[in-house]
Amino acid sequence: MAAKRGPIPRPGILDIAPYVPGTSALPGAGKVMKLSSNETPLGPSPRAVEAYLAEAAHLSRYPDGSARPLREALAKRYGLDAAHIVCGAGSDELLNLLAVAYLGPGDEAIYSEHGFLVYRIAIQARGATPVPAPERDLTADVDAILARVTDATRMVFIANPNNPTGTYLPFDAVKRLHAGLPEHVILVLDAAYAEYVRANDYEAGIELVATTPNTVMTRTFSKIYGLAALRLGWAYCPAPIADTLNRIRGPFNVTGPSIAAGVAALADQPHMQAAVEHNAVWRGRMAEALQHLGLCVTPSAANFLLVHFPQESGKSARAADKFLHERRIILRRVEEYGFPDALRMTIGTADENEAVLDALSAFMGVAA
Ligand SMILES: Cc1ncc(COP(=O)(O)O)c(C=O)c1O
């Protein structure tokens with residue numbers, strides 16, 4: 001009898017290594033300190049929570065299909081044309097929709113060697129070819145990316161700042177990258193951590209989107225705005241690209257409570273500024289203190305630090321991870337990003353940060 005066979009996915013789909021999110025729980029009872037997913041320690045604005053709860057009275061109604069109130073609030077906040085904004089269920093959805101619209105078998109898409117893993121998955125899911133470009137000093141390298149452009153290239157993904165390295169490309173370098181790309185290649189600037197950057201030479205992408213036909217900027221409410229559970233992101237695009245994404249997205253891809261919470265979160269800029277301030281203070285303090293313990297820390301513009309451990313046995317990243325788990329602290333393993341000897345730590349509350357320092361000073365055998 002012939003073996004029974006079920007449906008088979010398109011070629012290449014089963015070659016995709018699924019995205020594994022940061023660990024969020026540990027065995028045993030008791031609270032954990034979860035510093036593995038770059039969430040904000042300050043939580044969302046209370047005004048966003050209130051707006052979210054108020055939407056409970058309207059759950060039988062479909063939301064505005066184009067997330068108009070949110071697009072208009074974003075347009076006002078950033079001085080943009082609301083028609084060029086597309087909202088999505090997290091920026092992940094928008095990254096995937098870009099791949100659906102512009103990539104197919106035979107096409108190539110470039111991303112930097114230690115770039116955010118969702119790019120590779122989105123590219124492979126379309127049957128296109130992922131092309132990683134080597135980095136320099138754990139930072140995207142414009143020349144290495146441009147050297148990999150071929151007639152088949154359709155898209156370049158850059159996370160700026162990048163996850164998990166925290167490094168960023170100054171605006172001049174982004175402009176040079178764009179200038180070297182043919183006009184039919186889309187430059188996707190994923191600015192999920194833009195709000196955290198405090199560098200005068202940084203620009204998230206608004207200017208390039210406004211002045212070129214082939215740049216898209218994606219943003220999220222998951223990080224600084226503390227709304228990760230709602231899955232809310234947005235893309236600022238040239239009109240033809242916004243039109244394209246609007247043709248293929250789900251007709252109600254953003255929920256009513258998410259739209260309401262997003263509008264309220266944007267209106268509470270003091271809450272956002274407090275998160276920026278907290279992060280800047282603790283990012284500097286933690287980087288210095290961890291280096292004092294003998295650990296190497298990649299300079300970060302975002303709300304997390306990539307911490308490199310010695311390769312010697314007993315002091316490795318794997319051993320540190322286990323040691324931290326025993327103290328109910330969860331950082332992010334980053335092997336699949338090419339960093340078997342590092343852990344990524346999200347900047348947490350003061351107490352969480354101090355707990356990490358205490359634990360790692362005990363681990364390294366150095367007084368903090
Ligand atoms: C660089 C980068 N882009 C995009 C995302 C996805 O964010 P969202 O929650 O909006 O899908 C993340 C989340 O970790 C990220 O690190």
# chains A, B, ... in the order shown; residues from 1 in each chain; ligands from 1
>>> residues_near_ligand(ligand="ligand 1", cutoff="6 Å", atoms="only C-alpha atoms and all ligand atoms", output="list in words")
Gly90, Ser91, Asp92, Phe116, Ala159, Asn162, Asn163, Asp190, Ala192, Thr220, Ser222, Ala228, Arg231, Leu232 and Gly233 of chain A
>>> residues_around(residues="Leu306 of chain A", least_positions_apart="4", cutoff="6 Å", atoms="only C-alpha atoms", output="list in words")
Thr165, Val297, Thr298, Leu343 and Arg344 of chain A
>>> write_last_selection(atoms="N, CA, C and O atoms", output="compact mmCIF listing (two decimals), in the first residue's frame")
# COMPACT_ATOMS: atom_id res chain seq x y z
N THR A 165 22.71 43.51 18.34
CA THR A 165 23.99 44.16 18.66
C THR A 165 23.81 45.51 19.35
O THR A 165 24.66 45.92 20.15
N VAL A 297 31.29 44.67 26.45
CA VAL A 297 29.92 45.10 26.12
C VAL A 297 29.95 45.88 24.81
O VAL A 297 30.70 46.85 24.68
N THR A 298 29.15 45.46 23.85
CA THR A 298 29.09 46.20 22.57
C THR A 298 28.35 47.52 22.81
O THR A 298 27.28 47.53 23.42
N LEU A 343 25.32 37.10 25.82
CA LEU A 343 23.91 37.17 26.23
C LEU A 343 23.45 38.60 25.98
O LEU A 343 24.24 39.55 26.12
N ARG A 344 22.19 38.74 25.62
CA ARG A 344 21.64 40.09 25.42
C ARG A 344 20.78 40.43 26.63
O ARG A 344 19.88 39.67 27.00
>>> residues_around(residues="segment 13-21 of chain A", least_positions_apart="4", cutoff="9 Å", atoms="only C-alpha atoms", output="number ranges by chain")
A: 9, 36-37, 117-118, 120-121, 124-127, 332
>>> write_last_selection(atoms="all heavy atoms", output="PDB file, in the first residue's frame")
ATOM      1  N   PRO A   9       4.224  21.778   2.072  1.00  0.00           N
ATOM      2  CA  PRO A   9       4.407  23.221   1.852  1.00  0.00           C
ATOM      3  C   PRO A   9       5.254  23.487   0.606  1.00  0.00           C
ATOM      4  O   PRO A   9       5.955  22.585   0.127  1.00  0.00           O
ATOM      5  CB  PRO A   9       5.141  23.702   3.102  1.00  0.00           C
ATOM      6  CG  PRO A   9       5.204  22.559   4.028  1.00  0.00           C
ATOM      7  CD  PRO A   9       4.884  21.313   3.285  1.00  0.00           C
ATOM      8  N   SER A  36      14.654  39.574  28.543  1.00  0.00           N
ATOM      9  CA  SER A  36      15.037  38.818  27.341  1.00  0.00           C
ATOM     10  C   SER A  36      14.335  39.276  26.073  1.00  0.00           C
ATOM     11  O   SER A  36      14.588  38.732  25.003  1.00  0.00           O
ATOM     12  CB  SER A  36      14.728  37.331  27.565  1.00  0.00           C
ATOM     13  OG  SER A  36      13.363  37.164  27.907  1.00  0.00           O
ATOM     14  N   SER A  37      13.428  40.249  26.151  1.00  0.00           N
ATOM     15  CA  SER A  37      12.667  40.598  24.931  1.00  0.00           C
ATOM     16  C   SER A  37      12.624  42.093  24.637  1.00  0.00           C
ATOM     17  O   SER A  37      11.764  42.541  23.865  1.00  0.00           O
ATOM     18  CB  SER A  37      11.237  40.064  25.038  1.00  0.00           C
ATOM     19  OG  SER A  37      11.261  38.661  25.195  1.00  0.00           O
ATOM     20  N   LEU A 117      16.418  38.397  12.999  1.00  0.00           N
ATOM     21  CA  LEU A 117      16.153  37.115  12.330  1.00  0.00           C
ATOM     22  C   LEU A 117      14.891  37.078  11.473  1.00  0.00           C
ATOM     23  O   LEU A 117      14.779  36.260  10.554  1.00  0.00           O
ATOM     24  CB  LEU A 117      16.059  36.001  13.384  1.00  0.00           C
ATOM     25  CG  LEU A 117      17.388  35.444  13.879  1.00  0.00           C
ATOM     26  CD1 LEU A 117      17.149  34.411  14.970  1.00  0.00           C
ATOM     27  CD2 LEU A 117      18.170  34.827  12.729  1.00  0.00           C
ATOM     28  N   VAL A 118      13.945  37.953  11.783  1.00  0.00           N
ATOM     29  CA  VAL A 118      12.687  37.936  11.025  1.00  0.00           C
ATOM     30  C   VAL A 118      12.925  38.196   9.526  1.00  0.00           C
ATOM     31  O   VAL A 118      12.192  37.697   8.677  1.00  0.00           O
ATOM     32  CB  VAL A 118      11.689  38.948  11.646  1.00  0.00           C
ATOM     33  CG1 VAL A 118      10.555  39.291  10.702  1.00  0.00           C
ATOM     34  CG2 VAL A 118      11.141  38.373  12.958  1.00  0.00           C
ATOM     35  N   ARG A 120      15.363  37.122   7.554  1.00  0.00           N
ATOM     36  CA  ARG A 120      15.703  35.881   6.853  1.00  0.00           C
ATOM     37  C   ARG A 120      14.460  35.003   6.693  1.00  0.00           C
ATOM     38  O   ARG A 120      14.222  34.429   5.628  1.00  0.00           O
ATOM     39  CB  ARG A 120      16.803  35.129   7.611  1.00  0.00           C
ATOM     40  CG  ARG A 120      17.424  34.022   6.793  1.00  0.00           C
ATOM     41  CD  ARG A 120      18.493  33.282   7.543  1.00  0.00           C
ATOM     42  NE  ARG A 120      17.920  32.524   8.650  1.00  0.00           N
ATOM     43  CZ  ARG A 120      18.585  32.225   9.767  1.00  0.00           C
ATOM     44  NH1 ARG A 120      19.820  32.630   9.942  1.00  0.00           N
ATOM     45  NH2 ARG A 120      18.002  31.530  10.727  1.00  0.00           N
ATOM     46  N   ILE A 121      13.648  34.951   7.735  1.00  0.00           N
ATOM     47  CA  ILE A 121      12.443  34.122   7.666  1.00  0.00           C
ATOM     48  C   ILE A 121      11.488  34.654   6.593  1.00  0.00           C
ATOM     49  O   ILE A 121      10.953  33.897   5.782  1.00  0.00           O
ATOM     50  CB  ILE A 121      11.752  34.073   9.049  1.00  0.00           C
ATOM     51  CG1 ILE A 121      12.673  33.363  10.059  1.00  0.00           C
ATOM     52  CG2 ILE A 121      10.397  33.382   8.963  1.00  0.00           C
ATOM     53  CD1 ILE A 121      12.174  33.393  11.493  1.00  0.00           C
ATOM     54  N   GLN A 124      12.925  33.842   3.117  1.00  0.00           N
ATOM     55  CA  GLN A 124      12.816  32.410   2.784  1.00  0.00           C
ATOM     56  C   GLN A 124      11.362  31.994   2.563  1.00  0.00           C
ATOM     57  O   GLN A 124      11.077  31.139   1.732  1.00  0.00           O
ATOM     58  CB  GLN A 124      13.420  31.566   3.907  1.00  0.00           C
ATOM     59  CG  GLN A 124      14.936  31.560   3.914  1.00  0.00           C
ATOM     60  CD  GLN A 124      15.454  30.659   5.027  1.00  0.00           C
ATOM     61  OE1 GLN A 124      15.272  30.955   6.207  1.00  0.00           O
ATOM     62  NE2 GLN A 124      16.108  29.576   4.667  1.00  0.00           N
ATOM     63  N   ALA A 125      10.457  32.599   3.309  1.00  0.00           N
ATOM     64  CA  ALA A 125       9.045  32.231   3.174  1.00  0.00           C
ATOM     65  C   ALA A 125       8.523  32.544   1.780  1.00  0.00           C
ATOM     66  O   ALA A 125       7.550  31.950   1.319  1.00  0.00           O
ATOM     67  CB  ALA A 125       8.204  32.960   4.222  1.00  0.00           C
ATOM     68  N   ARG A 126       9.162  33.486   1.090  1.00  0.00           N
ATOM     69  CA  ARG A 126       8.747  33.845  -0.264  1.00  0.00           C
ATOM     70  C   ARG A 126       9.480  33.014  -1.319  1.00  0.00           C
ATOM     71  O   ARG A 126       9.324  33.266  -2.509  1.00  0.00           O
ATOM     72  CB  ARG A 126       9.025  35.341  -0.528  1.00  0.00           C
ATOM     73  CG  ARG A 126       8.272  36.260   0.392  1.00  0.00           C
ATOM     74  CD  ARG A 126       6.782  36.070   0.279  1.00  0.00           C
ATOM     75  NE  ARG A 126       6.337  36.187  -1.102  1.00  0.00           N
ATOM     76  CZ  ARG A 126       5.346  35.492  -1.646  1.00  0.00           C
ATOM     77  NH1 ARG A 126       4.682  34.608  -0.931  1.00  0.00           N
ATOM     78  NH2 ARG A 126       5.012  35.674  -2.901  1.00  0.00           N
ATOM     79  N   GLY A 127      10.347  32.126  -0.892  1.00  0.00           N
ATOM     80  CA  GLY A 127      11.127  31.348  -1.856  1.00  0.00           C
ATOM     81  C   GLY A 127      12.253  32.162  -2.459  1.00  0.00           C
ATOM     82  O   GLY A 127      12.875  31.764  -3.444  1.00  0.00           O
ATOM     83  N   ARG A 332      18.789  36.956  27.248  1.00  0.00           N
ATOM     84  CA  ARG A 332      18.502  36.303  25.966  1.00  0.00           C
ATOM     85  C   ARG A 332      19.745  35.610  25.443  1.00  0.00           C
ATOM     86  O   ARG A 332      20.783  36.269  25.244  1.00  0.00           O
ATOM     87  CB  ARG A 332      18.025  37.387  24.981  1.00  0.00           C
ATOM     88  CG  ARG A 332      17.762  36.900  23.554  1.00  0.00           C
ATOM     89  CD  ARG A 332      16.492  36.092  23.504  1.00  0.00           C
ATOM     90  NE  ARG A 332      15.777  36.285  22.237  1.00  0.00           N
ATOM     91  CZ  ARG A 332      15.832  35.456  21.208  1.00  0.00           C
ATOM     92  NH1 ARG A 332      16.590  34.376  21.262  1.00  0.00           N
ATOM     93  NH2 ARG A 332      15.124  35.715  20.124  1.00  0.00           N
TER      94      ARG A 332
END
>>> closest_residue(among="A:Met272, A:Ile330, A:Leu208, A:Val254", to="Tyr62 of chain A", atoms="only C-alpha atoms")
A:Val254
>>> select_by_dssp(residues="segment 158-345 of chain A", states="alpha helix (DSSP H)", output="PyMOL selection string")
chain A and resi 171-179+206-211+239-248+256-267+269-292+317-326
>>> closest_residue(among="A:Leu26, A:Val32, A:Ala350, A:Ala199", to="Ile329 of chain A", atoms="only C-alpha atoms")
A:Val32
>>> closest_residue(among="A:Pro46, A:Pro257, A:Thr212, A:His325", to="Pro240 of chain A", atoms="only C-alpha atoms")
A:Thr212
>>> residues_around(residues="Tyr168 of chain A", least_positions_apart="3", cutoff="9 Å", atoms="only C-alpha atoms", output="mmCIF file with all heavy atoms, in the first residue's frame")
data_model
loop_
_atom_site.group_PDB
_atom_site.id
_atom_site.type_symbol
_atom_site.label_atom_id
_atom_site.label_comp_id
_atom_site.auth_asym_id
_atom_site.auth_seq_id
_atom_site.Cartn_x
_atom_site.Cartn_y
_atom_site.Cartn_z
ATOM 1 N N THR A 139 28.679 46.068 13.283
ATOM 2 C CA THR A 139 27.807 47.115 12.741
ATOM 3 C C THR A 139 27.625 46.838 11.247
ATOM 4 O O THR A 139 28.570 46.398 10.582
ATOM 5 C CB THR A 139 28.483 48.505 12.921
ATOM 6 O OG1 THR A 139 28.860 48.641 14.288
ATOM 7 C CG2 THR A 139 27.551 49.635 12.523
ATOM 8 N N ALA A 140 26.421 47.109 10.741
ATOM 9 C CA ALA A 140 26.175 46.917 9.308
ATOM 10 C C ALA A 140 27.257 47.656 8.507
ATOM 11 O O ALA A 140 27.638 48.770 8.858
ATOM 12 C CB ALA A 140 24.791 47.445 8.949
ATOM 13 N N ALA A 159 18.216 46.850 10.326
ATOM 14 C CA ALA A 159 17.636 47.294 11.602
ATOM 15 C C ALA A 159 18.568 48.372 12.130
ATOM 16 O O ALA A 159 19.770 48.150 12.267
ATOM 17 C CB ALA A 159 17.564 46.143 12.594
ATOM 18 N N ASN A 160 18.016 49.533 12.405
ATOM 19 C CA ASN A 160 18.840 50.668 12.810
ATOM 20 C C ASN A 160 18.186 51.399 13.974
ATOM 21 O O ASN A 160 17.250 52.151 13.752
ATOM 22 C CB ASN A 160 19.026 51.611 11.606
ATOM 23 C CG ASN A 160 20.231 52.511 11.779
ATOM 24 O OD1 ASN A 160 21.174 52.170 12.484
ATOM 25 N ND2 ASN A 160 20.190 53.667 11.156
ATOM 26 N N PRO A 161 18.671 51.195 15.217
ATOM 27 C CA PRO A 161 19.753 50.308 15.640
ATOM 28 C C PRO A 161 19.380 48.837 15.434
ATOM 29 O O PRO A 161 18.199 48.495 15.364
ATOM 30 C CB PRO A 161 19.891 50.600 17.137
ATOM 31 C CG PRO A 161 19.115 51.822 17.420
ATOM 32 C CD PRO A 161 18.102 51.938 16.367
ATOM 33 N N ASN A 162 20.433 48.007 15.389
ATOM 34 C CA ASN A 162 20.197 46.590 15.141
ATOM 35 C C ASN A 162 19.969 45.808 16.442
ATOM 36 O O ASN A 162 20.533 46.116 17.479
ATOM 37 C CB ASN A 162 21.402 45.985 14.404
ATOM 38 C CG ASN A 162 21.177 44.533 14.069
ATOM 39 O OD1 ASN A 162 20.134 44.171 13.521
ATOM 40 N ND2 ASN A 162 22.112 43.673 14.420
ATOM 41 N N THR A 165 22.713 43.512 18.341
ATOM 42 C CA THR A 165 23.992 44.158 18.664
ATOM 43 C C THR A 165 23.807 45.507 19.355
ATOM 44 O O THR A 165 24.664 45.918 20.146
ATOM 45 C CB THR A 165 24.816 44.370 17.379
ATOM 46 O OG1 THR A 165 23.986 45.052 16.424
ATOM 47 C CG2 THR A 165 25.295 43.061 16.794
ATOM 48 N N VAL A 197 17.555 56.171 20.670
ATOM 49 C CA VAL A 197 18.854 56.655 20.194
ATOM 50 C C VAL A 197 19.048 58.108 20.605
ATOM 51 O O VAL A 197 18.168 58.939 20.420
ATOM 52 C CB VAL A 197 18.958 56.542 18.655
ATOM 53 C CG1 VAL A 197 20.356 56.940 18.201
ATOM 54 C CG2 VAL A 197 18.618 55.132 18.192
ATOM 55 N N TYR A 202 22.101 60.456 13.988
ATOM 56 C CA TYR A 202 21.115 59.399 13.677
ATOM 57 C C TYR A 202 19.838 59.999 13.113
ATOM 58 O O TYR A 202 19.378 61.044 13.559
ATOM 59 C CB TYR A 202 20.784 58.619 14.951
ATOM 60 C CG TYR A 202 19.685 57.589 14.757
ATOM 61 C CD1 TYR A 202 19.956 56.355 14.170
ATOM 62 C CD2 TYR A 202 18.374 57.867 15.143
ATOM 63 C CE1 TYR A 202 18.948 55.418 13.989
ATOM 64 C CE2 TYR A 202 17.356 56.935 14.964
ATOM 65 C CZ TYR A 202 17.655 55.706 14.382
ATOM 66 O OH TYR A 202 16.663 54.781 14.195
ATOM 67 N N SER A 300 25.871 50.313 22.743
ATOM 68 C CA SER A 300 24.483 50.177 22.279
ATOM 69 C C SER A 300 23.775 51.511 22.222
ATOM 70 O O SER A 300 23.897 52.339 23.127
ATOM 71 C CB SER A 300 23.721 49.251 23.240
ATOM 72 O OG SER A 300 22.338 49.285 22.950
ATOM 73 N N ALA A 301 22.979 51.698 21.166
ATOM 74 C CA ALA A 301 22.132 52.896 21.048
ATOM 75 C C ALA A 301 20.700 52.551 21.441
ATOM 76 O O ALA A 301 19.820 53.414 21.382
ATOM 77 C CB ALA A 301 22.178 53.395 19.607
ATOM 78 N N ALA A 302 20.442 51.312 21.825
ATOM 79 C CA ALA A 302 19.063 50.844 22.016
ATOM 80 C C ALA A 302 18.763 50.588 23.504
ATOM 81 O O ALA A 302 19.399 51.180 24.376
ATOM 82 C CB ALA A 302 18.846 49.588 21.179
#
>>> residues_around(residues="Ile206 of chain A", least_positions_apart="6", cutoff="9 Å", atoms="only C-alpha atoms", output="PyMOL selection string")
chain A and resi 78+80+216-217+236
>>> write_last_selection(atoms="N, CA and C atoms", output="compact mmCIF listing (two decimals), in the first residue's frame")
# COMPACT_ATOMS: atom_id res chain seq x y z
N TYR A 78 4.55 63.26 13.76
CA TYR A 78 5.83 63.28 13.03
C TYR A 78 5.83 64.21 11.81
N LEU A 80 3.86 63.93 9.02
CA LEU A 80 3.83 63.07 7.82
C LEU A 80 2.46 63.14 7.15
N VAL A 216 11.53 52.44 2.81
CA VAL A 216 10.41 52.24 3.74
C VAL A 216 10.98 52.23 5.15
N MET A 217 10.31 52.91 6.07
CA MET A 217 10.71 52.86 7.48
C MET A 217 9.63 52.11 8.27
N TYR A 236 6.11 53.75 7.23
CA TYR A 236 5.99 55.00 6.48
C TYR A 236 6.61 54.73 5.11
>>> closest_residue(among="A:Lys322, A:His308, A:Arg219, A:Arg176", to="Glu93 of chain A", atoms="only C-alpha atoms")
A:Arg219
>>> select_by_dssp(residues="segment 110-351 of chain A", states="strand (DSSP E)", output="ChimeraX atom specification")
/A:110-112,129-133,135-136,139-140,153-159,186-190,215-220,233-236,296-298,304-308,329-330,332-334,339-346
>>> atom_distance(atom1="atom CA of Ala147 of chain A", atom2="atom CA of Lys175 of chain A")
15.9 Å
>>> closest_residue(among="A:Val276, A:Tyr111, A:Tyr102, A:Val307", to="Glu288 of chain A", atoms="only C-alpha atoms")
A:Val307
>>> atom_distance(atom1="atom CA of Gly166 of chain A", atom2="atom CA of Pro310 of chain A")
20.0 Å
>>> closest_residue(among="A:Phe363, A:Glu195, A:Asn353, A:Leu290", to="Ala320 of chain A", atoms="only C-alpha atoms")
A:Phe363
>>> residues_around(residues="Glu352 of chain A", least_positions_apart="3", cutoff="10 Å", atoms="only C-alpha atoms", output="PDB file with all heavy atoms, in the first residue's frame")
ATOM      1  N   VAL A  32       9.920  35.943  38.092  1.00  0.00           N
ATOM      2  CA  VAL A  32      11.173  35.988  37.343  1.00  0.00           C
ATOM      3  C   VAL A  32      11.430  37.429  36.894  1.00  0.00           C
ATOM      4  O   VAL A  32      10.503  38.225  36.788  1.00  0.00           O
ATOM      5  CB  VAL A  32      11.154  35.077  36.081  1.00  0.00           C
ATOM      6  CG1 VAL A  32      11.122  33.627  36.449  1.00  0.00           C
ATOM      7  CG2 VAL A  32      10.040  35.459  35.134  1.00  0.00           C
ATOM      8  N   MET A  33      12.703  37.731  36.662  1.00  0.00           N
ATOM      9  CA  MET A  33      13.052  39.019  36.061  1.00  0.00           C
ATOM     10  C   MET A  33      13.322  38.742  34.602  1.00  0.00           C
ATOM     11  O   MET A  33      14.324  38.129  34.250  1.00  0.00           O
ATOM     12  CB  MET A  33      14.295  39.598  36.731  1.00  0.00           C
ATOM     13  CG  MET A  33      14.090  39.867  38.199  1.00  0.00           C
ATOM     14  SD  MET A  33      15.447  40.828  38.866  1.00  0.00           S
ATOM     15  CE  MET A  33      15.084  40.676  40.615  1.00  0.00           C
ATOM     16  N   LYS A  34      12.391  39.176  33.761  1.00  0.00           N
ATOM     17  CA  LYS A  34      12.485  38.844  32.335  1.00  0.00           C
ATOM     18  C   LYS A  34      13.118  40.015  31.580  1.00  0.00           C
ATOM     19  O   LYS A  34      12.475  41.031  31.338  1.00  0.00           O
ATOM     20  CB  LYS A  34      11.084  38.552  31.792  1.00  0.00           C
ATOM     21  CG  LYS A  34      11.060  38.252  30.305  1.00  0.00           C
ATOM     22  CD  LYS A  34       9.664  37.886  29.833  1.00  0.00           C
ATOM     23  CE  LYS A  34       9.638  37.616  28.345  1.00  0.00           C
ATOM     24  NZ  LYS A  34       9.033  38.704  27.595  1.00  0.00           N
ATOM     25  N   LEU A  35      14.371  39.835  31.244  1.00  0.00           N
ATOM     26  CA  LEU A  35      15.102  40.885  30.527  1.00  0.00           C
ATOM     27  C   LEU A  35      15.564  40.314  29.186  1.00  0.00           C
ATOM     28  O   LEU A  35      16.692  40.509  28.755  1.00  0.00           O
ATOM     29  CB  LEU A  35      16.293  41.356  31.368  1.00  0.00           C
ATOM     30  CG  LEU A  35      15.913  41.925  32.750  1.00  0.00           C
ATOM     31  CD1 LEU A  35      17.149  42.238  33.567  1.00  0.00           C
ATOM     32  CD2 LEU A  35      15.044  43.174  32.602  1.00  0.00           C
ATOM     33  N   PRO A  41      10.804  48.640  30.902  1.00  0.00           N
ATOM     34  CA  PRO A  41      10.563  48.392  32.328  1.00  0.00           C
ATOM     35  C   PRO A  41       9.507  49.339  32.899  1.00  0.00           C
ATOM     36  O   PRO A  41       8.968  49.079  33.973  1.00  0.00           O
ATOM     37  CB  PRO A  41      11.927  48.663  32.972  1.00  0.00           C
ATOM     38  CG  PRO A  41      12.653  49.543  32.004  1.00  0.00           C
ATOM     39  CD  PRO A  41      12.150  49.193  30.649  1.00  0.00           C
ATOM     40  N   ILE A 329      16.686  35.161  36.924  1.00  0.00           N
ATOM     41  CA  ILE A 329      16.893  36.269  35.979  1.00  0.00           C
ATOM     42  C   ILE A 329      17.035  35.659  34.584  1.00  0.00           C
ATOM     43  O   ILE A 329      17.808  34.717  34.396  1.00  0.00           O
ATOM     44  CB  ILE A 329      18.188  37.050  36.315  1.00  0.00           C
ATOM     45  CG1 ILE A 329      18.075  37.681  37.704  1.00  0.00           C
ATOM     46  CG2 ILE A 329      18.461  38.117  35.250  1.00  0.00           C
ATOM     47  CD1 ILE A 329      19.376  38.272  38.216  1.00  0.00           C
ATOM     48  N   THR A 346      18.175  43.151  28.316  1.00  0.00           N
ATOM     49  CA  THR A 346      17.331  44.340  28.188  1.00  0.00           C
ATOM     50  C   THR A 346      17.532  45.195  29.431  1.00  0.00           C
ATOM     51  O   THR A 346      17.609  44.661  30.547  1.00  0.00           O
ATOM     52  CB  THR A 346      15.845  43.931  28.111  1.00  0.00           C
ATOM     53  OG1 THR A 346      15.693  43.007  27.032  1.00  0.00           O
ATOM     54  CG2 THR A 346      14.949  45.140  27.886  1.00  0.00           C
ATOM     55  N   ILE A 347      17.618  46.512  29.259  1.00  0.00           N
ATOM     56  CA  ILE A 347      17.702  47.404  30.420  1.00  0.00           C
ATOM     57  C   ILE A 347      16.376  47.314  31.175  1.00  0.00           C
ATOM     58  O   ILE A 347      15.305  47.507  30.597  1.00  0.00           O
ATOM     59  CB  ILE A 347      17.965  48.864  29.971  1.00  0.00           C
ATOM     60  CG1 ILE A 347      19.280  48.963  29.189  1.00  0.00           C
ATOM     61  CG2 ILE A 347      17.938  49.810  31.175  1.00  0.00           C
ATOM     62  CD1 ILE A 347      20.521  48.539  29.950  1.00  0.00           C
ATOM     63  N   GLY A 348      16.460  46.969  32.462  1.00  0.00           N
ATOM     64  CA  GLY A 348      15.247  46.768  33.253  1.00  0.00           C
ATOM     65  C   GLY A 348      15.007  47.893  34.241  1.00  0.00           C
ATOM     66  O   GLY A 348      15.539  49.003  34.088  1.00  0.00           O
ATOM     67  N   THR A 349      14.218  47.606  35.268  1.00  0.00           N
ATOM     68  CA  THR A 349      14.028  48.571  36.355  1.00  0.00           C
ATOM     69  C   THR A 349      15.346  48.668  37.120  1.00  0.00           C
ATOM     70  O   THR A 349      16.230  47.815  36.975  1.00  0.00           O
ATOM     71  CB  THR A 349      12.946  48.083  37.333  1.00  0.00           C
ATOM     72  OG1 THR A 349      13.393  46.835  37.896  1.00  0.00           O
ATOM     73  CG2 THR A 349      11.602  47.864  36.656  1.00  0.00           C
ATOM     74  N   ALA A 355      20.076  43.618  40.328  1.00  0.00           N
ATOM     75  CA  ALA A 355      20.089  42.164  40.552  1.00  0.00           C
ATOM     76  C   ALA A 355      21.008  41.482  39.536  1.00  0.00           C
ATOM     77  O   ALA A 355      21.746  40.545  39.880  1.00  0.00           O
ATOM     78  CB  ALA A 355      18.672  41.600  40.457  1.00  0.00           C
ATOM     79  N   VAL A 356      20.983  41.951  38.296  1.00  0.00           N
ATOM     80  CA  VAL A 356      21.869  41.373  37.279  1.00  0.00           C
ATOM     81  C   VAL A 356      23.325  41.645  37.667  1.00  0.00           C
ATOM     82  O   VAL A 356      24.184  40.751  37.597  1.00  0.00           O
ATOM     83  CB  VAL A 356      21.567  41.964  35.875  1.00  0.00           C
ATOM     84  CG1 VAL A 356      22.616  41.519  34.867  1.00  0.00           C
ATOM     85  CG2 VAL A 356      20.175  41.554  35.412  1.00  0.00           C
ATOM     86  N   LEU A 357      23.590  42.864  38.113  1.00  0.00           N
ATOM     87  CA  LEU A 357      24.974  43.200  38.485  1.00  0.00           C
ATOM     88  C   LEU A 357      25.456  42.359  39.662  1.00  0.00           C
ATOM     89  O   LEU A 357      26.575  41.834  39.639  1.00  0.00           O
ATOM     90  CB  LEU A 357      25.069  44.675  38.856  1.00  0.00           C
ATOM     91  CG  LEU A 357      25.257  45.637  37.689  1.00  0.00           C
ATOM     92  CD1 LEU A 357      25.420  47.056  38.217  1.00  0.00           C
ATOM     93  CD2 LEU A 357      26.463  45.240  36.841  1.00  0.00           C
ATOM     94  N   ASP A 358      24.598  42.213  40.659  1.00  0.00           N
ATOM     95  CA  ASP A 358      24.964  41.378  41.815  1.00  0.00           C
ATOM     96  C   ASP A 358      25.275  39.959  41.368  1.00  0.00           C
ATOM     97  O   ASP A 358      26.276  39.364  41.758  1.00  0.00           O
ATOM     98  CB  ASP A 358      23.788  41.293  42.812  1.00  0.00           C
ATOM     99  CG  ASP A 358      23.735  42.521  43.688  1.00  0.00           C
ATOM    100  OD1 ASP A 358      24.655  43.354  43.579  1.00  0.00           O
ATOM    101  OD2 ASP A 358      22.756  42.646  44.460  1.00  0.00           O
TER     102      ASP A 358
END
